[in-house]
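Novice: Coordinates in run31.cif, mmCIF, C-alpha atoms, are listed below.
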```cif
data_structure
#
loop_
_atom_site.label_atom_id
_atom_site.label_comp_id
_atom_site.auth_asym_id
_atom_site.auth_seq_id
_atom_site.Cartn_x
_atom_site.Cartn_y
_atom_site.Cartn_z
CA MET Q 1082 21.56 -14.18 -2.19
CA THR Q 1083 22.10 -14.78 1.52
CA ASP Q 1084 22.22 -11.35 3.13
CA THR Q 1085 18.92 -9.87 4.19
CA ILE Q 1086 17.82 -7.00 1.98
CA LYS Q 1087 16.12 -4.36 4.07
CA PHE Q 1088 13.46 -2.34 2.29
CA ASP Q 1089 10.33 -0.27 2.84
CA LEU Q 1090 8.07 0.26 -0.15
CA HIS Q 1091 5.29 2.31 1.45
CA THR Q 1092 6.20 5.83 2.57
CA HIS Q 1093 4.53 9.20 2.33
CA ASN Q 1094 5.75 12.80 2.59
CA GLU Q 1095 4.50 16.34 2.96
CA ARG Q 1096 3.15 16.54 -0.61
CA CYS Q 1097 0.02 14.60 0.39
CA GLY Q 1098 -0.96 17.20 2.98
CA HIS Q 1099 -1.12 14.90 6.01
CA ALA Q 1100 2.46 13.60 6.38
CA ILE Q 1101 5.54 15.26 7.82
CA GLY Q 1102 8.87 15.75 6.05
CA THR Q 1103 10.23 16.10 2.54
CA ILE Q 1104 11.01 13.17 0.28
CA GLU Q 1105 14.69 13.80 0.94
CA ASP Q 1106 14.07 13.57 4.70
CA TYR Q 1107 12.75 10.04 4.16
CA VAL Q 1108 15.67 9.06 1.98
CA LYS Q 1109 18.20 10.35 4.53
CA LYS Q 1110 16.45 8.57 7.38
CA ALA Q 1111 16.36 5.33 5.38
CA ILE Q 1112 20.13 5.60 4.87
CA GLU Q 1113 20.57 6.25 8.60
CA TYR Q 1114 18.49 3.15 9.37
CA GLY Q 1115 20.55 0.98 7.03
CA LEU Q 1116 17.92 0.24 4.39
CA ASN Q 1117 19.02 -1.07 1.01
CA TYR Q 1118 15.87 0.14 -0.77
CA ILE Q 1119 13.49 2.97 0.05
CA GLY Q 1120 10.29 3.23 -1.93
CA ILE Q 1121 8.63 6.64 -2.19
CA SER Q 1122 4.91 6.03 -2.67
CA ASP Q 1123 2.84 9.08 -1.93
CA HIS Q 1124 -0.93 9.23 -2.47
CA SER Q 1125 -2.04 9.52 -6.06
CA PRO Q 1126 -3.70 12.73 -7.21
CA TYR Q 1127 -7.43 12.54 -7.93
CA PHE Q 1128 -6.90 12.08 -11.64
CA TYR Q 1129 -10.61 11.67 -12.34
CA SER Q 1130 -11.48 15.11 -10.99
CA GLU Q 1131 -11.63 18.26 -13.07
CA GLU Q 1132 -10.24 20.11 -10.04
CA ASP Q 1133 -6.47 20.29 -9.67
CA HIS Q 1134 -6.52 19.73 -5.91
CA LEU Q 1135 -9.76 18.02 -4.94
CA TYR Q 1136 -8.80 17.10 -1.35
CA PRO Q 1137 -5.76 19.14 -0.24
CA THR Q 1138 -5.24 17.22 3.03
CA ILE Q 1139 -5.37 13.79 1.39
CA ALA Q 1140 -3.31 13.86 -1.80
CA MET Q 1141 -1.07 16.02 -3.96
CA PRO Q 1142 -2.62 18.17 -6.70
CA LYS Q 1143 -2.56 16.84 -10.25
CA SER Q 1144 -0.23 19.69 -11.18
CA GLU Q 1145 2.45 18.33 -8.81
CA PHE Q 1146 2.40 14.75 -10.10
CA VAL Q 1147 5.27 15.23 -12.57
CA LEU Q 1148 7.16 17.40 -10.06
CA TYR Q 1149 6.88 14.53 -7.56
CA ILE Q 1150 8.22 12.04 -10.10
CA ASN Q 1151 11.10 14.32 -11.09
CA GLU Q 1152 12.03 14.87 -7.45
CA VAL Q 1153 12.17 11.15 -6.73
CA LEU Q 1154 14.25 10.53 -9.85
CA ARG Q 1155 16.63 13.34 -8.85
CA LEU Q 1156 17.08 11.84 -5.38
CA LYS Q 1157 17.51 8.37 -6.89
CA LYS Q 1158 20.52 9.76 -8.77
CA LYS Q 1159 21.83 11.88 -5.90
CA TYR Q 1160 21.95 9.01 -3.40
CA GLU Q 1161 22.63 6.09 -5.74
CA ASP Q 1162 25.93 5.27 -3.99
CA LYS Q 1163 24.19 5.01 -0.59
CA ILE Q 1164 20.72 3.56 -1.20
CA HIS Q 1165 18.37 2.47 -3.97
CA VAL Q 1166 15.54 4.99 -4.19
CA LEU Q 1167 12.46 3.52 -5.88
CA LEU Q 1168 9.72 5.48 -7.63
CA GLY Q 1169 6.36 4.28 -6.39
CA MET Q 1170 2.88 5.53 -5.76
CA GLU Q 1171 0.00 4.52 -3.55
CA SER Q 1172 -2.92 4.67 -5.92
CA ASP Q 1173 -6.58 4.85 -5.05
CA PHE Q 1174 -8.67 2.26 -6.83
CA TYR Q 1175 -11.89 3.39 -8.44
CA PRO Q 1176 -13.09 0.78 -10.93
CA GLU Q 1177 -14.97 3.35 -12.99
CA HIS Q 1178 -11.82 5.47 -13.39
CA ILE Q 1179 -9.13 2.80 -13.62
CA ASP Q 1180 -8.24 3.56 -17.24
CA VAL Q 1181 -7.53 7.21 -16.39
CA TYR Q 1182 -5.12 6.08 -13.67
CA ARG Q 1183 -3.59 3.37 -15.86
CA ARG Q 1184 -2.73 5.89 -18.57
CA GLN Q 1185 -1.01 8.21 -16.09
CA TYR Q 1186 1.17 5.45 -14.64
CA LEU Q 1187 2.22 4.17 -18.06
CA LEU Q 1188 3.66 7.59 -18.93
CA HIS Q 1189 6.34 7.42 -16.24
CA PRO Q 1190 9.12 5.02 -15.08
CA PHE Q 1191 7.45 3.68 -11.96
CA ASP Q 1192 9.16 0.85 -10.14
CA TYR Q 1193 5.80 -0.20 -8.70
CA VAL Q 1194 2.31 1.06 -7.92
CA ILE Q 1195 0.45 0.07 -4.76
CA GLY Q 1196 -3.29 -0.31 -5.30
CA SER Q 1197 -5.33 0.58 -2.22
CA VAL Q 1198 -9.07 0.61 -1.67
CA HIS Q 1199 -9.86 3.64 0.48
CA TYR Q 1200 -13.53 4.12 -0.37
CA VAL Q 1201 -16.47 1.73 -0.09
CA GLN Q 1202 -19.99 2.95 -0.86
CA ASP Q 1203 -18.47 6.43 -1.36
CA LEU Q 1204 -17.31 6.56 2.26
CA ASN Q 1205 -13.70 6.47 3.42
CA ILE Q 1206 -12.88 3.12 5.01
CA PHE Q 1207 -11.40 4.93 8.03
CA LYS Q 1208 -14.43 7.17 8.59
CA LYS Q 1209 -15.35 6.85 12.24
CA GLY Q 1210 -19.03 6.19 12.74
CA ARG Q 1211 -19.64 4.62 9.34
CA TRP Q 1212 -20.67 1.36 11.04
CA GLU Q 1213 -23.15 2.93 13.46
CA GLY Q 1214 -26.73 1.79 13.00
CA LEU Q 1215 -25.91 -0.91 10.45
CA THR Q 1216 -27.57 -4.32 10.78
CA SER Q 1217 -25.47 -7.48 10.77
CA GLN Q 1218 -26.49 -8.10 7.16
CA GLN Q 1219 -25.52 -4.57 6.13
CA LYS Q 1220 -22.10 -4.99 7.75
CA ILE Q 1221 -21.58 -8.22 5.80
CA GLN Q 1222 -22.55 -6.38 2.62
CA VAL Q 1223 -20.03 -3.60 3.27
CA LYS Q 1224 -17.26 -6.10 3.96
CA GLU Q 1225 -18.08 -8.06 0.82
CA GLU Q 1226 -18.14 -4.89 -1.29
CA TYR Q 1227 -14.72 -3.97 0.14
CA TYR Q 1228 -13.24 -7.30 -0.87
CA ASP Q 1229 -14.97 -7.24 -4.25
CA LEU Q 1230 -13.14 -3.96 -4.94
CA ILE Q 1231 -9.83 -5.52 -3.86
CA GLN Q 1232 -10.52 -8.44 -6.21
CA GLN Q 1233 -11.17 -6.01 -9.06
CA SER Q 1234 -7.95 -4.15 -8.24
CA ALA Q 1235 -6.00 -7.43 -8.38
CA LYS Q 1236 -7.46 -8.18 -11.81
CA SER Q 1237 -6.86 -4.69 -13.21
CA GLY Q 1238 -3.22 -5.31 -14.17
CA VAL Q 1239 -2.27 -1.83 -12.93
CA PHE Q 1240 -0.75 -2.73 -9.57
CA GLN Q 1241 2.29 -4.71 -8.45
CA ILE Q 1242 1.25 -4.59 -4.77
CA LEU Q 1243 -2.12 -4.37 -3.04
CA GLY Q 1244 -2.15 -2.10 0.00
CA HIS Q 1245 -3.36 -2.93 3.52
CA ILE Q 1246 -5.99 -5.50 2.51
CA ASP Q 1247 -7.85 -5.52 5.83
CA ALA Q 1248 -7.42 -1.85 6.71
CA MET Q 1249 -11.14 -1.41 7.18
CA LYS Q 1250 -10.57 -2.77 10.68
CA GLY Q 1251 -8.43 0.30 11.44
CA PHE Q 1252 -11.00 2.21 13.50
CA TYR Q 1253 -13.45 -0.68 13.74
CA PRO Q 1254 -11.67 -3.76 15.11
CA GLU Q 1255 -14.97 -5.70 15.01
CA PHE Q 1256 -14.60 -5.73 11.22
CA THR Q 1257 -12.39 -8.80 11.56
CA SER Q 1258 -15.18 -10.89 13.09
CA ILE Q 1259 -17.81 -10.11 10.43
CA GLU Q 1260 -18.44 -13.58 9.01
CA THR Q 1261 -17.97 -13.95 5.24
CA ASP Q 1262 -15.88 -16.06 2.89
CA ALA Q 1263 -15.01 -12.97 0.83
CA ILE Q 1264 -11.44 -12.87 2.13
CA GLU Q 1265 -10.81 -16.48 1.12
CA GLN Q 1266 -12.07 -15.81 -2.40
CA THR Q 1267 -10.04 -12.60 -2.60
CA LEU Q 1268 -6.78 -14.32 -1.64
CA LYS Q 1269 -7.46 -17.04 -4.21
CA ILE Q 1270 -7.86 -14.38 -6.93
CA ILE Q 1271 -4.78 -12.43 -5.79
CA GLY Q 1272 -2.76 -15.65 -5.98
CA GLU Q 1273 -4.07 -16.41 -9.46
CA GLU Q 1274 -3.35 -12.86 -10.66
CA ASP Q 1275 0.14 -13.07 -9.14
CA VAL Q 1276 -0.03 -9.70 -7.41
CA ALA Q 1277 1.79 -9.16 -4.11
CA ILE Q 1278 0.20 -7.94 -0.88
CA GLU Q 1279 2.00 -5.83 1.68
CA ILE Q 1280 2.43 -6.35 5.38
CA ASN Q 1281 1.72 -2.82 6.51
CA THR Q 1282 2.75 -1.93 10.05
CA SER Q 1283 0.73 1.29 10.31
CA GLY Q 1284 -2.25 -0.60 11.72
CA LYS Q 1285 -0.55 -0.32 15.12
CA THR Q 1286 -1.27 3.44 14.99
CA LYS Q 1287 -5.04 2.81 14.67
CA ASP Q 1288 -7.66 1.40 17.07
CA CYS Q 1289 -7.12 -2.15 15.79
CA GLY Q 1290 -3.58 -2.02 17.15
CA GLY Q 1291 -2.06 -4.55 14.75
CA TRP Q 1292 -0.56 -4.94 11.32
CA TYR Q 1293 -2.48 -5.20 8.07
CA PRO Q 1294 -3.30 -7.93 7.29
CA ALA Q 1295 -3.89 -10.12 10.35
CA ASP Q 1296 -1.95 -13.35 10.84
CA GLU Q 1297 -4.89 -15.58 9.88
CA ILE Q 1298 -5.13 -13.78 6.52
CA LEU Q 1299 -1.39 -14.23 5.98
CA GLU Q 1300 -1.75 -17.95 6.70
CA ARG Q 1301 -4.38 -18.26 3.98
CA ALA Q 1302 -2.30 -16.05 1.67
CA LEU Q 1303 0.53 -18.56 1.99
CA PHE Q 1304 -1.90 -21.35 1.11
CA TYR Q 1305 -2.82 -19.54 -2.12
CA ASN Q 1306 0.84 -18.78 -2.92
CA VAL Q 1307 0.33 -15.03 -2.58
CA LYS Q 1308 3.63 -13.12 -2.56
CA VAL Q 1309 4.19 -10.68 0.28
CA SER Q 1310 6.07 -7.41 0.57
CA PHE Q 1311 6.71 -4.86 3.33
CA GLY Q 1312 5.63 -1.29 3.89
CA SER Q 1313 5.58 0.83 7.02
CA ASP Q 1314 3.09 3.33 5.52
CA SER Q 1315 5.16 5.92 7.35
CA HIS Q 1316 3.88 9.47 7.48
CA THR Q 1317 6.92 10.59 9.49
CA PRO Q 1318 10.54 9.77 8.59
CA GLU Q 1319 11.12 8.13 11.98
CA ARG Q 1320 8.66 5.31 11.19
CA ILE Q 1321 10.55 4.09 8.12
CA GLY Q 1322 11.14 0.33 8.30
CA ASP Q 1323 9.02 0.18 11.46
CA GLU Q 1324 8.99 -3.39 12.85
CA PHE Q 1325 10.66 -4.79 9.72
CA GLU Q 1326 12.48 -7.47 11.74
CA LEU Q 1327 9.35 -8.42 13.70
CA VAL Q 1328 7.39 -8.87 10.48
CA GLN Q 1329 10.25 -10.90 9.04
CA LYS Q 1330 10.23 -13.18 12.09
CA ARG Q 1331 6.44 -13.61 12.03
CA LEU Q 1332 6.37 -14.43 8.33
CA LYS Q 1333 8.98 -17.14 8.90
CA GLU Q 1334 6.83 -18.58 11.72
CA ILE Q 1335 3.80 -18.65 9.44
CA GLY Q 1336 5.82 -20.50 6.80
CA PHE Q 1337 6.95 -17.90 4.28
CA SER Q 1338 10.56 -18.18 3.11
CA GLU Q 1339 10.89 -15.04 0.95
CA TRP Q 1340 9.31 -11.70 0.19
CA ALA Q 1341 9.20 -9.25 -2.67
CA TYR Q 1342 10.41 -5.85 -3.77
CA PHE Q 1343 10.10 -4.29 -7.21
CA ILE Q 1344 12.40 -2.53 -9.67
CA GLU Q 1345 10.98 -1.25 -12.96
CA LYS Q 1346 7.84 -3.31 -12.20
CA LYS Q 1347 9.85 -6.51 -12.10
CA ARG Q 1348 9.46 -8.54 -8.91
CA TYR Q 1349 12.56 -9.64 -7.04
CA MET Q 1350 12.29 -12.22 -4.27
CA THR Q 1351 14.69 -12.08 -1.35
CA PRO Q 1352 14.99 -14.59 1.52
CA LEU Q 1353 13.40 -13.70 4.84
#
```
How does the structure come out when it is put into structure tokens?
Specialist:
Amino acid sequence: MTDTIKFDLHTHNERCGHAIGTIEDYVKKAIEYGLNYIGISDHSPYFYSEEDHLYPTIAMPKSEFVLYINEVLRLKKKYEDKIHVLLGMESDFYPEHIDVYRRQYLLHPFDYVIGSVHYVQDLNIFKKGRWEGLTSQQKIQVKEEYYDLIQQSAKSGVFQILGHIDAMKGFYPEFTSIETDAIEQTLKIIGEEDVAIEINTSGKTKDCGGWYPADEILERALFYNVKVSFGSDSHTPERIGDEFELVQKRLKEIGFSEWAYFIEKKRYMTPL
């Protein structure tokens, strides 16, 4: 395989309550942008909750989960001569509820599931102000808990890709400089578990102003033979494939030679 395969495995849509555009809008824009594969990966419902729609501005209701899947499968068929539409999901990771989520994903023909840690100590990782008043030791503890959850998600066997593994820096750029060897240990485990991580270009829309994860993490990921993938984390159709070529170039500079996409949970490697 010599031609570059252009793909984006991390996209959202209006079902989650905080993105713009229908799933079909994203598919059409991906075709316009010349993508070979477009992964639809909206936020997972809160399966553990007894409520149908626990947080309406964060994720789809449980009652729309099958409707979401059916819509993606319909569009996969409708546009099969123009683009490969992949059925994905960005799943929250709660260790105490992982079996509930696992059962849901096994019922349906997902091409991949992205596992993302969005909550640490019951607070959203992007919550502004969550770091105020914490001592240096408390900040280290939060960071280590974050990476412990990512390690657990890698070991769970539920996910093909781990989402934005340093996203806690999003609205707190100082997160990067909190000294701990937790990231090193996490990358070692991810490599051993053979789960991919994504380069997620949505970090540029946050205070940290850069991709997830940072270059130094990618350098260590290469050392531990961690496979990488790509996702824009677009919440508007226009951001699909955002900075794909720049990420491709940077990964080559770091020393990667290929990256991953997934079909029916099987990993395919394509040259950078």
Novice: Adding 5 Å on each side of the box along x, y and z that holds all listed atoms of region 1128-1137 of chain Q, could you give its centre and edge lengths in Å to one decimal, as lines of an AutoDock Vina configuration file?
Specialist:
```
center_x = -8.7
center_y = 16.0
center_z = -6.7
size_x = 15.9
size_y = 18.6
size_z = 22.8
```
Novice: Just say which residues the PyMOL selection byres ((chain Q and resi 1149) around 12) picks in this file, as a PyMOL selection string.
Specialist: chain Q and resi 1093-1097+1103-1105+1121-1126+1140-1148+1150-1156+1168-1170+1189+1191
Novice: Since I can't run it myself right now, could you work out what the PyMOL selection byres ((chain Q and resi 1251-1254) around 8) selects here and report it as number ranges by chain?
Specialist: Q: 1207-1209, 1212, 1248-1250, 1255-1257, 1284, 1287-1290
Novice: If you count all atoms listed in the file, which residues fall within 9 Å of Asn1117 (chain Q), apart from same-chain ones fewer than 3 positions away, as a PyMOL selection string?
Specialist: chain Q and resi 1086-1089+1111-1112+1163-1166
Novice: With only C-alpha atoms as the atoms that count, which of Q:Lys1110, Q:Ser1217, Q:Tyr1118, Q:His1316 lies nearest to Asp1162 (chain Q)?
Specialist: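 Of the candidates, the smallest distance to Asp1162 (chain Q) is held by Q:Tyr1118.
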Novice: Given the PyMOL selection byres ((chain Q and resi 1172-1188) around 8) and the file above, list the residues it selects as a list of chain:residue names.
Specialist: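 Listing what the PyMOL selection byres ((chain Q and resi 1172-1188) around 8) selects in the shown file: Q:His1124, Q:Ser1125, Q:Phe1128, Q:Tyr1129, Q:Met1170, Q:Glu1171, Q:His1189, Q:Pro1190, Q:Phe1191, Q:Val1194, Q:Ile1195, Q:Gly1196, Q:Ser1197, Q:Val1198, Q:His1199, Q:Leu1230, Q:Gln1233, Q:Ser1234, Q:Ser1237, Q:Val1239.
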Novice: Could you check which of Q:Glu1226, Q:Glu1279, Q:Asp1262, Q:Asp1314 is closest to Ile1246 (chain Q), using only C-alpha atoms?
Specialist: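 Ranking Q:Glu1226, Q:Glu1279, Q:Asp1262, Q:Asp1314 by distance to Ile1246 (chain Q), first place goes to Q:Glu1279.
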Novice: Expressed in Å to a single decimal, how great is the separation between CA of Ala1263 (chain Q) and CA of Tyr1342 (chain Q)?
Specialist: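 CA of Tyr1342 (chain Q) lies at a distance of 26.8 Å from CA of Ala1263 (chain Q).
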Novice: One decimal, in Å: what's the spacing between CA of Val1276 (chain Q) and CA of Asp1084 (chain Q)?
Specialist: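 Spanning CA of Val1276 (chain Q) to CA of Asp1084 (chain Q) is a straight-line distance of 24.7 Å.
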Novice: Mind listing as an MDAnalysis selection string all residues within 12 Å of (-12.9, -8.9, -11.0), counting all atoms listed in the file?
Specialist: chainID Q and resid 1176 1226 1228:1238 1266:1267 1269:1271 1273:1274
Novice: Hey, can you check how far CA of Glu1345 (chain Q) sits from CA of Tyr1193 (chain Q)?
Specialist: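 Separating CA of Glu1345 (chain Q) from CA of Tyr1193 (chain Q) is a distance of 6.8 Å.
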Novice: Using only C-alpha atoms for the distances, tell me which of Q:Phe1343, Q:Tyr1136, Q:Phe1337, Q:Tyr1349 is nearest to Leu1303 (chain Q).
Specialist: Q:Phe1337
Novice: So, with all atoms listed in the file as the atoms that count, which of Q:Gln1329, Q:Gln1222, Q:Thr1085, Q:Ser1313 lies closest to Ile1119 (chain Q)?
Specialist: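 Selected residue with least distance to Ile1119 (chain Q): Q:Ser1313.
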Novice: Nearest to Thr1092 (chain Q): which of Q:Thr1286, Q:Ser1315, Q:Gln1219, Q:Thr1351 is it, counting all atoms listed in the file?
Specialist: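 So, comparing all the options, the nearest one is Q:Ser1315.
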